[in-house]
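Structure data (PDB, C-alpha atoms, pLDDT in the B column) from input_27.pdb:
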ATOM      1  CA  MET A   1     -25.566  17.482  -8.851  1.00 50.00           C
ATOM      2  CA  THR A   2     -24.805  21.195  -8.881  1.00 55.00           C
ATOM      3  CA  SER A   3     -22.793  22.813 -11.636  1.00 60.00           C
ATOM      4  CA  GLY A   4     -19.071  22.807 -10.919  1.00 65.00           C
ATOM      5  CA  THR A   5     -19.307  19.681  -8.766  1.00 66.00           C
ATOM      6  CA  PRO A   6     -17.232  16.901 -10.323  1.00 67.00           C
ATOM      7  CA  ARG A   7     -19.068  13.666 -10.939  1.00 84.00           C
ATOM      8  CA  VAL A   8     -17.296  10.481  -9.943  1.00 91.00           C
ATOM      9  CA  ALA A   9     -18.217   7.499 -12.068  1.00 93.00           C
ATOM     10  CA  PRO A  10     -18.972   4.177 -10.406  1.00 94.00           C
ATOM     11  CA  ILE A  11     -16.161   1.619 -10.436  1.00 95.00           C
ATOM     12  CA  ALA A  12     -16.774  -2.107 -10.837  1.00 96.00           C
ATOM     13  CA  LEU A  13     -13.768  -4.356 -11.389  1.00 96.00           C
ATOM     14  CA  ALA A  14     -13.641  -8.131 -11.602  1.00 95.00           C
ATOM     15  CA  PRO A  15     -10.871 -10.188  -9.984  1.00 94.00           C
ATOM     16  CA  ASN A  16      -7.513  -9.446 -11.649  1.00 92.00           C
ATOM     17  CA  GLU A  17      -8.823  -6.196 -13.156  1.00 96.00           C
ATOM     18  CA  GLY A  18      -7.112  -2.899 -12.440  1.00 97.00           C
ATOM     19  CA  GLU A  19      -3.666  -1.445 -13.038  1.00 97.00           C
ATOM     20  CA  ALA A  20      -1.173  -4.205 -12.088  1.00 98.00           C
ATOM     21  CA  LEU A  21       2.173  -3.141 -10.616  1.00 98.00           C
ATOM     22  CA  TRP A  22       5.164  -4.792  -8.980  1.00 97.00           C
ATOM     23  CA  ALA A  23       6.271  -2.894  -5.883  1.00 94.00           C
ATOM     24  CA  PHE A  24       8.033  -3.768  -2.628  1.00 93.00           C
ATOM     25  CA  GLY A  25       7.883  -7.492  -3.443  1.00 95.00           C
ATOM     26  CA  PHE A  26       4.121  -7.423  -4.085  1.00 97.00           C
ATOM     27  CA  LEU A  27       1.799  -7.782  -7.020  1.00 98.00           C
ATOM     28  CA  ALA A  28      -0.275  -4.663  -6.427  1.00 98.00           C
ATOM     29  CA  THR A  29      -3.488  -3.947  -8.321  1.00 98.00           C
ATOM     30  CA  LEU A  30      -4.923  -0.442  -8.241  1.00 97.00           C
ATOM     31  CA  LYS A  31      -8.665  -0.887  -7.875  1.00 98.00           C
ATOM     32  CA  ALA A  32      -9.415   2.817  -7.359  1.00 97.00           C
ATOM     33  CA  SER A  33      -7.087   5.773  -7.808  1.00 97.00           C
ATOM     34  CA  SER A  34      -7.051   9.498  -7.251  1.00 95.00           C
ATOM     35  CA  GLU A  35      -7.976   9.900 -10.912  1.00 95.00           C
ATOM     36  CA  THR A  36     -10.995   7.599 -10.738  1.00 96.00           C
ATOM     37  CA  THR A  37     -12.303   8.925  -7.397  1.00 96.00           C
ATOM     38  CA  ASP A  38     -11.661  12.666  -7.808  1.00 95.00           C
ATOM     39  CA  GLY A  39      -8.892  12.432  -5.194  1.00 95.00           C
ATOM     40  CA  ARG A  40     -11.112  10.888  -2.529  1.00 96.00           C
ATOM     41  CA  VAL A  41      -9.436   7.519  -2.043  1.00 97.00           C
ATOM     42  CA  ALA A  42      -6.898   5.018  -3.357  1.00 97.00           C
ATOM     43  CA  VAL A  43      -7.581   1.274  -3.053  1.00 98.00           C
ATOM     44  CA  ILE A  44      -4.751  -1.153  -3.791  1.00 98.00           C
ATOM     45  CA  GLU A  45      -5.024  -4.945  -3.578  1.00 98.00           C
ATOM     46  CA  HIS A  46      -1.735  -6.607  -2.628  1.00 98.00           C
ATOM     47  CA  LEU A  47      -0.481 -10.181  -3.023  1.00 98.00           C
ATOM     48  CA  GLY A  48       2.907 -10.908  -1.513  1.00 98.00           C
ATOM     49  CA  PRO A  49       5.163 -13.646  -0.163  1.00 98.00           C
ATOM     50  CA  ARG A  50       6.396 -14.216   3.390  1.00 97.00           C
ATOM     51  CA  GLY A  51       8.694 -11.389   4.466  1.00 95.00           C
ATOM     52  CA  ALA A  52       7.458  -8.794   1.965  1.00 96.00           C
ATOM     53  CA  GLY A  53       6.481  -5.519   3.571  1.00 95.00           C
ATOM     54  CA  SER A  54       7.002  -1.809   3.770  1.00 94.00           C
ATOM     55  CA  PRO A  55       9.764   0.265   5.296  1.00 94.00           C
ATOM     56  CA  LEU A  56       8.945   1.886   8.628  1.00 95.00           C
ATOM     57  CA  HIS A  57       7.272   5.124   7.557  1.00 96.00           C
ATOM     58  CA  VAL A  58       4.779   7.836   8.387  1.00 97.00           C
ATOM     59  CA  HIS A  59       2.235   9.531   6.108  1.00 97.00           C
ATOM     60  CA  ARG A  60       1.738  13.269   6.520  1.00 97.00           C
ATOM     61  CA  ARG A  61      -1.154  13.634   4.038  1.00 97.00           C
ATOM     62  CA  GLU A  62      -3.366  10.564   4.293  1.00 97.00           C
ATOM     63  CA  ASP A  63      -4.765   7.979   6.656  1.00 97.00           C
ATOM     64  CA  GLU A  64      -4.140   4.360   5.717  1.00 96.00           C
ATOM     65  CA  TRP A  65      -6.079   1.230   6.519  1.00 97.00           C
ATOM     66  CA  PHE A  66      -5.649  -2.433   5.751  1.00 98.00           C
ATOM     67  CA  TYR A  67      -8.053  -5.354   5.461  1.00 98.00           C
ATOM     68  CA  VAL A  68      -6.463  -8.819   5.338  1.00 98.00           C
ATOM     69  CA  LEU A  69      -8.258 -11.073   2.838  1.00 98.00           C
ATOM     70  CA  ASP A  70      -6.029 -14.187   2.980  1.00 98.00           C
ATOM     71  CA  GLY A  71      -2.957 -15.130   4.977  1.00 98.00           C
ATOM     72  CA  GLU A  72      -1.543 -13.133   7.866  1.00 98.00           C
ATOM     73  CA  LEU A  73       0.304  -9.853   8.306  1.00 98.00           C
ATOM     74  CA  THR A  74       2.226  -8.506  11.269  1.00 98.00           C
ATOM     75  CA  PHE A  75       1.938  -4.754  11.808  1.00 97.00           C
ATOM     76  CA  TRP A  76       3.825  -2.313  13.952  1.00 97.00           C
ATOM     77  CA  VAL A  77       1.583   0.739  14.392  1.00 95.00           C
ATOM     78  CA  GLY A  78       2.413   3.547  16.787  1.00 91.00           C
ATOM     79  CA  GLY A  79       4.722   1.303  18.812  1.00 93.00           C
ATOM     80  CA  GLU A  80       2.385  -1.703  19.104  1.00 95.00           C
ATOM     81  CA  VAL A  81       2.740  -5.072  17.369  1.00 97.00           C
ATOM     82  CA  VAL A  82      -0.497  -6.391  15.867  1.00 97.00           C
ATOM     83  CA  ASN A  83      -0.875  -9.898  14.443  1.00 98.00           C
ATOM     84  CA  ALA A  84      -3.496  -9.702  11.703  1.00 98.00           C
ATOM     85  CA  PRO A  85      -4.877 -12.962  10.257  1.00 98.00           C
ATOM     86  CA  ALA A  86      -7.490 -13.056   7.479  1.00 98.00           C
ATOM     87  CA  GLY A  87     -10.497 -10.916   8.388  1.00 98.00           C
ATOM     88  CA  SER A  88      -8.422  -8.416  10.384  1.00 98.00           C
ATOM     89  CA  PHE A  89      -8.680  -4.653   9.989  1.00 98.00           C
ATOM     90  CA  VAL A  90      -5.814  -2.307  10.925  1.00 98.00           C
ATOM     91  CA  TYR A  91      -5.994   1.491  10.787  1.00 96.00           C
ATOM     92  CA  GLY A  92      -2.919   3.727  10.632  1.00 94.00           C
ATOM     93  CA  PRO A  93      -3.862   7.391  10.972  1.00 96.00           C
ATOM     94  CA  ARG A  94      -1.657  10.034   9.374  1.00 97.00           C
ATOM     95  CA  ASP A  95       1.318  11.122  11.492  1.00 98.00           C
ATOM     96  CA  VAL A  96       1.512   7.686  13.193  1.00 97.00           C
ATOM     97  CA  PRO A  97       4.595   5.608  12.247  1.00 96.00           C
ATOM     98  CA  HIS A  98       3.858   2.107  10.966  1.00 96.00           C
ATOM     99  CA  THR A  99       5.168  -0.850   8.993  1.00 96.00           C
ATOM    100  CA  PHE A 100       4.023  -4.365   8.156  1.00 97.00           C
ATOM    101  CA  LEU A 101       5.317  -7.737   6.973  1.00 97.00           C
ATOM    102  CA  VAL A 102       3.670 -10.797   5.451  1.00 98.00           C
ATOM    103  CA  ALA A 103       3.825 -13.417   8.238  1.00 98.00           C
ATOM    104  CA  SER A 104       2.281 -16.355   6.342  1.00 98.00           C
ATOM    105  CA  GLU A 105       3.443 -18.203   3.227  1.00 98.00           C
ATOM    106  CA  GLN A 106       1.712 -15.446   1.264  1.00 98.00           C
ATOM    107  CA  ALA A 107      -1.010 -12.905   1.952  1.00 98.00           C
ATOM    108  CA  ARG A 108      -3.604 -10.910   0.041  1.00 98.00           C
ATOM    109  CA  PHE A 109      -4.915  -7.654   1.505  1.00 98.00           C
ATOM    110  CA  LEU A 110      -6.462  -4.327   0.662  1.00 98.00           C
ATOM    111  CA  LEU A 111      -4.619  -1.107   1.421  1.00 98.00           C
ATOM    112  CA  VAL A 112      -6.805   1.993   1.373  1.00 98.00           C
ATOM    113  CA  ALA A 113      -5.445   5.531   1.617  1.00 98.00           C
ATOM    114  CA  GLU A 114      -7.712   8.520   2.234  1.00 97.00           C
ATOM    115  CA  PRO A 115      -7.642  11.000   0.678  1.00 97.00           C
ATOM    116  CA  GLY A 116      -6.137   9.745  -2.556  1.00 95.00           C
ATOM    117  CA  GLY A 117      -2.600  10.663  -3.534  1.00 94.00           C
ATOM    118  CA  PHE A 118      -0.685   7.691  -2.169  1.00 95.00           C
ATOM    119  CA  ASP A 119      -1.386   5.935  -5.470  1.00 96.00           C
ATOM    120  CA  ALA A 120       0.837   8.468  -7.280  1.00 96.00           C
ATOM    121  CA  PHE A 121       3.750   7.587  -4.986  1.00 96.00           C
ATOM    122  CA  PHE A 122       3.002   3.909  -5.402  1.00 94.00           C
ATOM    123  CA  ARG A 123       3.122   4.192  -9.202  1.00 96.00           C
ATOM    124  CA  ALA A 124       6.385   6.162  -9.052  1.00 97.00           C
ATOM    125  CA  ALA A 125       7.986   3.524  -6.790  1.00 95.00           C
ATOM    126  CA  SER A 126       6.846   0.531  -8.870  1.00 96.00           C
ATOM    127  CA  GLU A 127       7.021  -0.984 -12.318  1.00 96.00           C
ATOM    128  CA  PRO A 128       4.240  -2.392 -14.484  1.00 97.00           C
ATOM    129  CA  ALA A 129       3.640  -6.044 -13.585  1.00 97.00           C
ATOM    130  CA  GLY A 130       5.060  -8.358 -16.218  1.00 91.00           C
ATOM    131  CA  ARG A 131       2.526 -11.001 -15.188  1.00 95.00           C
ATOM    132  CA  LEU A 132      -0.356 -11.209 -12.714  1.00 96.00           C
ATOM    133  CA  GLU A 133       1.776 -12.936 -10.096  1.00 96.00           C
ATOM    134  CA  ILE A 134       4.131 -12.090  -7.266  1.00 97.00           C
ATOM    135  CA  PRO A 135       7.236 -10.497  -8.817  1.00 96.00           C
ATOM    136  CA  PRO A 136      10.563 -12.280  -8.999  1.00 94.00           C
ATOM    137  CA  ALA A 137      12.913 -11.657  -6.082  1.00 88.00           C
ATOM    138  CA  PRO A 138      15.099  -8.581  -6.614  1.00 85.00           C
ATOM    139  CA  THR A 139      18.634  -9.123  -7.878  1.00 87.00           C
ATOM    140  CA  GLU A 140      19.970  -5.864  -6.421  1.00 86.00           C
ATOM    141  CA  PRO A 141      19.614  -4.216  -3.016  1.00 84.00           C
ATOM    142  CA  PRO A 142      16.940  -1.507  -2.835  1.00 83.00           C
ATOM    143  CA  ASP A 143      17.883   2.133  -3.406  1.00 89.00           C
ATOM    144  CA  VAL A 144      16.953   3.324   0.083  1.00 89.00           C
ATOM    145  CA  GLU A 145      18.201   6.882  -0.464  1.00 93.00           C
ATOM    146  CA  GLY A 146      16.274   7.202  -3.736  1.00 94.00           C
ATOM    147  CA  LEU A 147      13.102   5.793  -2.167  1.00 94.00           C
ATOM    148  CA  THR A 148      13.456   8.158   0.800  1.00 95.00           C
ATOM    149  CA  ARG A 149      13.771  11.173  -1.530  1.00 97.00           C
ATOM    150  CA  LEU A 150      10.848   9.998  -3.679  1.00 97.00           C
ATOM    151  CA  ALA A 151       8.623   9.363  -0.654  1.00 97.00           C
ATOM    152  CA  ALA A 152       9.346  12.823   0.762  1.00 97.00           C
ATOM    153  CA  THR A 153       7.928  14.443  -2.377  1.00 97.00           C
ATOM    154  CA  TYR A 154       4.608  12.705  -1.576  1.00 97.00           C
ATOM    155  CA  GLY A 155       4.512  13.626   2.116  1.00 97.00           C
ATOM    156  CA  ILE A 156       5.812  10.245   3.311  1.00 97.00           C
ATOM    157  CA  GLU A 157       8.775  10.037   5.674  1.00 97.00           C
ATOM    158  CA  ILE A 158      10.818   6.803   5.622  1.00 96.00           C
ATOM    159  CA  LEU A 159      11.985   6.171   9.202  1.00 94.00           C
ATOM    160  CA  GLY A 160      13.675   2.780   8.865  1.00 90.00           C
ATOM    161  CA  PRO A 161      13.999  -0.450   6.936  1.00 88.00           C
ATOM    162  CA  PRO A 162      11.264  -3.075   6.498  1.00 86.00           C
ATOM    163  CA  GLY A 163      10.761  -5.225   9.562  1.00 86.00           C
ATOM    164  CA  ILE A 164       9.118  -4.936  12.921  1.00 91.00           C
ATOM    165  CA  PRO A 165      11.133  -2.613  15.231  1.00 89.00           C
ATOM    166  CA  ALA A 166      12.453  -4.213  18.400  1.00 81.00           C
TER     167      ALA A 166
END
Output the structure of this file as structure tokens.
Amino acid sequence: MTSGTPRVAPIALAPNEGEALWAFGFLATLKASSETTDGRVAVIEHLGPRGAGSPLHVHRREDEWFYVLDGELTFWVGGEVVNAPAGSFVYGPRDVPHTFLVASEQARFLLVAEPGGFDAFFRAASEPAGRLEIPPAPTEPPDVEGLTRLAATYGIEILGPPGIPA
């Protein structure tokens, strides 16, 4: 290691360890963040019910990839629909619009964003998890305008609601 080069400490987390958040209908656990990786990567484990997903969006600063651990997701990436059962890998490069939905009863997957930075948006758009379980269903409609403004400050453009475009 040369002087001036930041040292990144190893990370080793057991199941259920990490910063637990409720966001977009998911229990999301930050396994690695910009802070813990010197901005290199963000790794977020998700657990969500059927129908949970993200709005149609595009990242301007980071590439995003997904690895489905359990269950099944349906993605729309760059105009193509991809069914992704457990074991599937889906890559969404920056500047390519994408969205996804949980297609099975529930699904667990890893979302990785490179470089890091997406984790800051994710924290800002979430709340600390009250329990290590899927959050209760929302009682109010989402604040789409607020989310759109928040996302823009992190280089993310919201293009449409959750769901697979027709």
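Evaluated on this file, the PyMOL selection byres ((chain A and resi 132-146) around 9) matches Asn16, Ala20, Leu21, Trp22, Ala23, Gly25, Phe26, Leu27, Ala28, Leu47, Gly48, Pro49, Ala129, Gly130, Arg131, Leu147, Thr148, Arg149, Leu150, Ala151, Ile158 and Pro161 of chain A.
This file, filtered with the PyMOL selection byres ((chain A and resi 79) around 12), gives the residues Leu56, Phe75, Trp76, Val77, Gly78, Glu80, Val81, Val82, Gly92, Val96, Pro97, His98, Thr99, Ile164, Pro165 and Ala166 of chain A.
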Evaluate the PyMOL selection byres ((chain A and resi 13) around 12) and report residues as an NGL selection string
:A and (10-12 or 14-19 or 29-32 or 43 or 45)
Keeping only C-alpha atoms, write the selected residues as a PDB file, in the frame of the given file.
ATOM      1  CA  PRO A  10     -18.972   4.177 -10.406  1.00 94.00           C
ATOM      2  CA  ILE A  11     -16.161   1.619 -10.436  1.00 95.00           C
ATOM      3  CA  ALA A  12     -16.774  -2.107 -10.837  1.00 96.00           C
ATOM      4  CA  ALA A  14     -13.641  -8.131 -11.602  1.00 95.00           C
ATOM      5  CA  PRO A  15     -10.871 -10.188  -9.984  1.00 94.00           C
ATOM      6  CA  ASN A  16      -7.513  -9.446 -11.649  1.00 92.00           C
ATOM      7  CA  GLU A  17      -8.823  -6.196 -13.156  1.00 96.00           C
ATOM      8  CA  GLY A  18      -7.112  -2.899 -12.440  1.00 97.00           C
ATOM      9  CA  GLU A  19      -3.666  -1.445 -13.038  1.00 97.00           C
ATOM     10  CA  THR A  29      -3.488  -3.947  -8.321  1.00 98.00           C
ATOM     11  CA  LEU A  30      -4.923  -0.442  -8.241  1.00 97.00           C
ATOM     12  CA  LYS A  31      -8.665  -0.887  -7.875  1.00 98.00           C
ATOM     13  CA  ALA A  32      -9.415   2.817  -7.359  1.00 97.00           C
ATOM     14  CA  VAL A  43      -7.581   1.274  -3.053  1.00 98.00           C
ATOM     15  CA  GLU A  45      -5.024  -4.945  -3.578  1.00 98.00           C
TER      16      GLU A  45
END
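You can rank A:Ala152, A:Ala84, A:Glu127, A:Val90 by their closest distance to Val58 in chain A using only C-alpha atoms, and at the top of that list sits A:Ala152.
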Counting only C-alpha atoms, which residues come within 7 Å of (9.4, -5.9, 2.9), with the point read in the file's coordinates, and could you list them as a PyMOL selection string?
chain A and resi 24-25+51-55+101+162-163
Could you pull range 91-127 of chain A out of the structure just shown and give N, CA and C atoms as an mmCIF file, in the first residue's frame?
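As a result, result-v4.cif now contains:
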data_model
loop_
_atom_site.group_PDB
_atom_site.id
_atom_site.type_symbol
_atom_site.label_atom_id
_atom_site.label_comp_id
_atom_site.auth_asym_id
_atom_site.auth_seq_id
_atom_site.Cartn_x
_atom_site.Cartn_y
_atom_site.Cartn_z
ATOM 1 N N TYR A 91 -27.984 -7.676 -15.753
ATOM 2 C CA TYR A 91 -27.124 -6.493 -15.702
ATOM 3 C C TYR A 91 -27.822 -5.325 -16.379
ATOM 4 N N GLY A 92 -27.885 -4.189 -15.677
ATOM 5 C CA GLY A 92 -28.451 -2.967 -16.231
ATOM 6 C C GLY A 92 -27.387 -1.879 -16.250
ATOM 7 N N PRO A 93 -26.747 -1.662 -17.392
ATOM 8 C CA PRO A 93 -25.711 -0.633 -17.446
ATOM 9 C C PRO A 93 -26.299 0.773 -17.271
ATOM 10 N N ARG A 94 -25.476 1.681 -16.788
ATOM 11 C CA ARG A 94 -25.935 3.071 -16.649
ATOM 12 C C ARG A 94 -26.467 3.565 -17.982
ATOM 13 N N ASP A 95 -27.410 4.475 -17.922
ATOM 14 C CA ASP A 95 -28.051 5.100 -19.083
ATOM 15 C C ASP A 95 -29.014 4.174 -19.830
ATOM 16 N N VAL A 96 -29.297 2.981 -19.258
ATOM 17 C CA VAL A 96 -30.266 2.066 -19.871
ATOM 18 C C VAL A 96 -31.477 1.967 -18.938
ATOM 19 N N PRO A 97 -32.664 2.389 -19.399
ATOM 20 C CA PRO A 97 -33.858 2.324 -18.549
ATOM 21 C C PRO A 97 -34.173 0.891 -18.144
ATOM 22 N N HIS A 98 -34.647 0.735 -16.890
ATOM 23 C CA HIS A 98 -35.008 -0.593 -16.401
ATOM 24 C C HIS A 98 -35.967 -0.494 -15.217
ATOM 25 N N THR A 99 -36.622 -1.611 -14.954
ATOM 26 C CA THR A 99 -37.491 -1.782 -13.798
ATOM 27 C C THR A 99 -37.585 -3.271 -13.521
ATOM 28 N N PHE A 100 -38.165 -3.626 -12.378
ATOM 29 C CA PHE A 100 -38.357 -5.037 -12.060
ATOM 30 C C PHE A 100 -39.505 -5.181 -11.083
ATOM 31 N N LEU A 101 -40.076 -6.384 -11.055
ATOM 32 C CA LEU A 101 -41.137 -6.749 -10.116
ATOM 33 C C LEU A 101 -40.880 -8.155 -9.594
ATOM 34 N N VAL A 102 -41.292 -8.407 -8.354
ATOM 35 C CA VAL A 102 -41.263 -9.761 -7.812
ATOM 36 C C VAL A 102 -42.421 -10.522 -8.454
ATOM 37 N N ALA A 103 -42.112 -11.632 -9.128
ATOM 38 C CA ALA A 103 -43.121 -12.413 -9.853
ATOM 39 C C ALA A 103 -43.595 -13.627 -9.062
ATOM 40 N N SER A 104 -42.864 -14.024 -8.043
ATOM 41 C CA SER A 104 -43.226 -15.184 -7.222
ATOM 42 C C SER A 104 -43.862 -14.699 -5.914
ATOM 43 N N GLU A 105 -44.262 -15.650 -5.090
ATOM 44 C CA GLU A 105 -44.857 -15.305 -3.788
ATOM 45 C C GLU A 105 -43.979 -14.313 -3.031
ATOM 46 N N GLN A 106 -42.689 -14.554 -3.004
ATOM 47 C CA GLN A 106 -41.704 -13.604 -2.520
ATOM 48 C C GLN A 106 -40.380 -13.929 -3.192
ATOM 49 N N ALA A 107 -39.443 -13.019 -3.105
ATOM 50 C CA ALA A 107 -38.133 -13.233 -3.721
ATOM 51 C C ALA A 107 -37.060 -12.576 -2.874
ATOM 52 N N ARG A 108 -35.880 -13.183 -2.926
ATOM 53 C CA ARG A 108 -34.681 -12.631 -2.279
ATOM 54 C C ARG A 108 -33.630 -12.492 -3.381
ATOM 55 N N PHE A 109 -32.985 -11.321 -3.427
ATOM 56 C CA PHE A 109 -31.980 -11.085 -4.464
ATOM 57 C C PHE A 109 -30.962 -10.073 -3.988
ATOM 58 N N LEU A 110 -29.826 -10.084 -4.653
ATOM 59 C CA LEU A 110 -28.792 -9.083 -4.429
ATOM 60 C C LEU A 110 -28.881 -8.032 -5.521
ATOM 61 N N LEU A 111 -28.784 -6.784 -5.121
ATOM 62 C CA LEU A 111 -28.659 -5.660 -6.043
ATOM 63 C C LEU A 111 -27.278 -5.078 -5.773
ATOM 64 N N VAL A 112 -26.488 -4.931 -6.814
ATOM 65 C CA VAL A 112 -25.149 -4.376 -6.694
ATOM 66 C C VAL A 112 -25.052 -3.176 -7.622
ATOM 67 N N ALA A 113 -24.567 -2.058 -7.079
ATOM 68 C CA ALA A 113 -24.384 -0.846 -7.871
ATOM 69 C C ALA A 113 -22.911 -0.454 -7.828
ATOM 70 N N GLU A 114 -22.352 -0.214 -9.032
ATOM 71 C CA GLU A 114 -20.940 0.151 -9.136
ATOM 72 C C GLU A 114 -20.792 1.387 -10.012
ATOM 73 N N PRO A 115 -20.071 2.412 -9.590
ATOM 74 C CA PRO A 115 -19.480 2.534 -8.258
ATOM 75 C C PRO A 115 -20.565 2.744 -7.207
ATOM 76 N N GLY A 116 -20.132 2.841 -5.959
ATOM 77 C CA GLY A 116 -21.062 3.104 -4.871
ATOM 78 C C GLY A 116 -21.698 4.480 -5.043
ATOM 79 N N GLY A 117 -22.682 4.749 -4.225
ATOM 80 C CA GLY A 117 -23.400 6.021 -4.289
ATOM 81 C C GLY A 117 -24.893 5.796 -4.265
ATOM 82 N N PHE A 118 -25.335 4.729 -4.930
ATOM 83 C CA PHE A 118 -26.758 4.386 -4.933
ATOM 84 C C PHE A 118 -27.252 4.135 -3.519
ATOM 85 N N ASP A 119 -26.383 3.632 -2.648
ATOM 86 C CA ASP A 119 -26.769 3.351 -1.273
ATOM 87 C C ASP A 119 -27.201 4.616 -0.538
ATOM 88 N N ALA A 120 -26.635 5.769 -0.874
ATOM 89 C CA ALA A 120 -27.045 7.026 -0.243
ATOM 90 C C ALA A 120 -28.479 7.368 -0.634
ATOM 91 N N PHE A 121 -28.810 7.204 -1.921
ATOM 92 C CA PHE A 121 -30.199 7.404 -2.350
ATOM 93 C C PHE A 121 -31.116 6.420 -1.633
ATOM 94 N N PHE A 122 -30.701 5.180 -1.585
ATOM 95 C CA PHE A 122 -31.530 4.141 -0.993
ATOM 96 C C PHE A 122 -31.845 4.465 0.466
ATOM 97 N N ARG A 123 -30.833 4.908 1.208
ATOM 98 C CA ARG A 123 -31.061 5.307 2.606
ATOM 99 C C ARG A 123 -32.047 6.465 2.690
ATOM 100 N N ALA A 124 -31.868 7.461 1.815
ATOM 101 C CA ALA A 124 -32.722 8.655 1.842
ATOM 102 C C ALA A 124 -34.174 8.326 1.498
ATOM 103 N N ALA A 125 -34.386 7.277 0.705
ATOM 104 C CA ALA A 125 -35.735 6.908 0.259
ATOM 105 C C ALA A 125 -36.366 5.827 1.140
ATOM 106 N N SER A 126 -35.716 5.473 2.237
ATOM 107 C CA SER A 126 -36.186 4.360 3.066
ATOM 108 C C SER A 126 -36.397 4.799 4.506
ATOM 109 N N GLU A 127 -36.722 3.826 5.326
ATOM 110 C CA GLU A 127 -36.779 4.036 6.775
ATOM 111 C C GLU A 127 -36.120 2.835 7.436
#
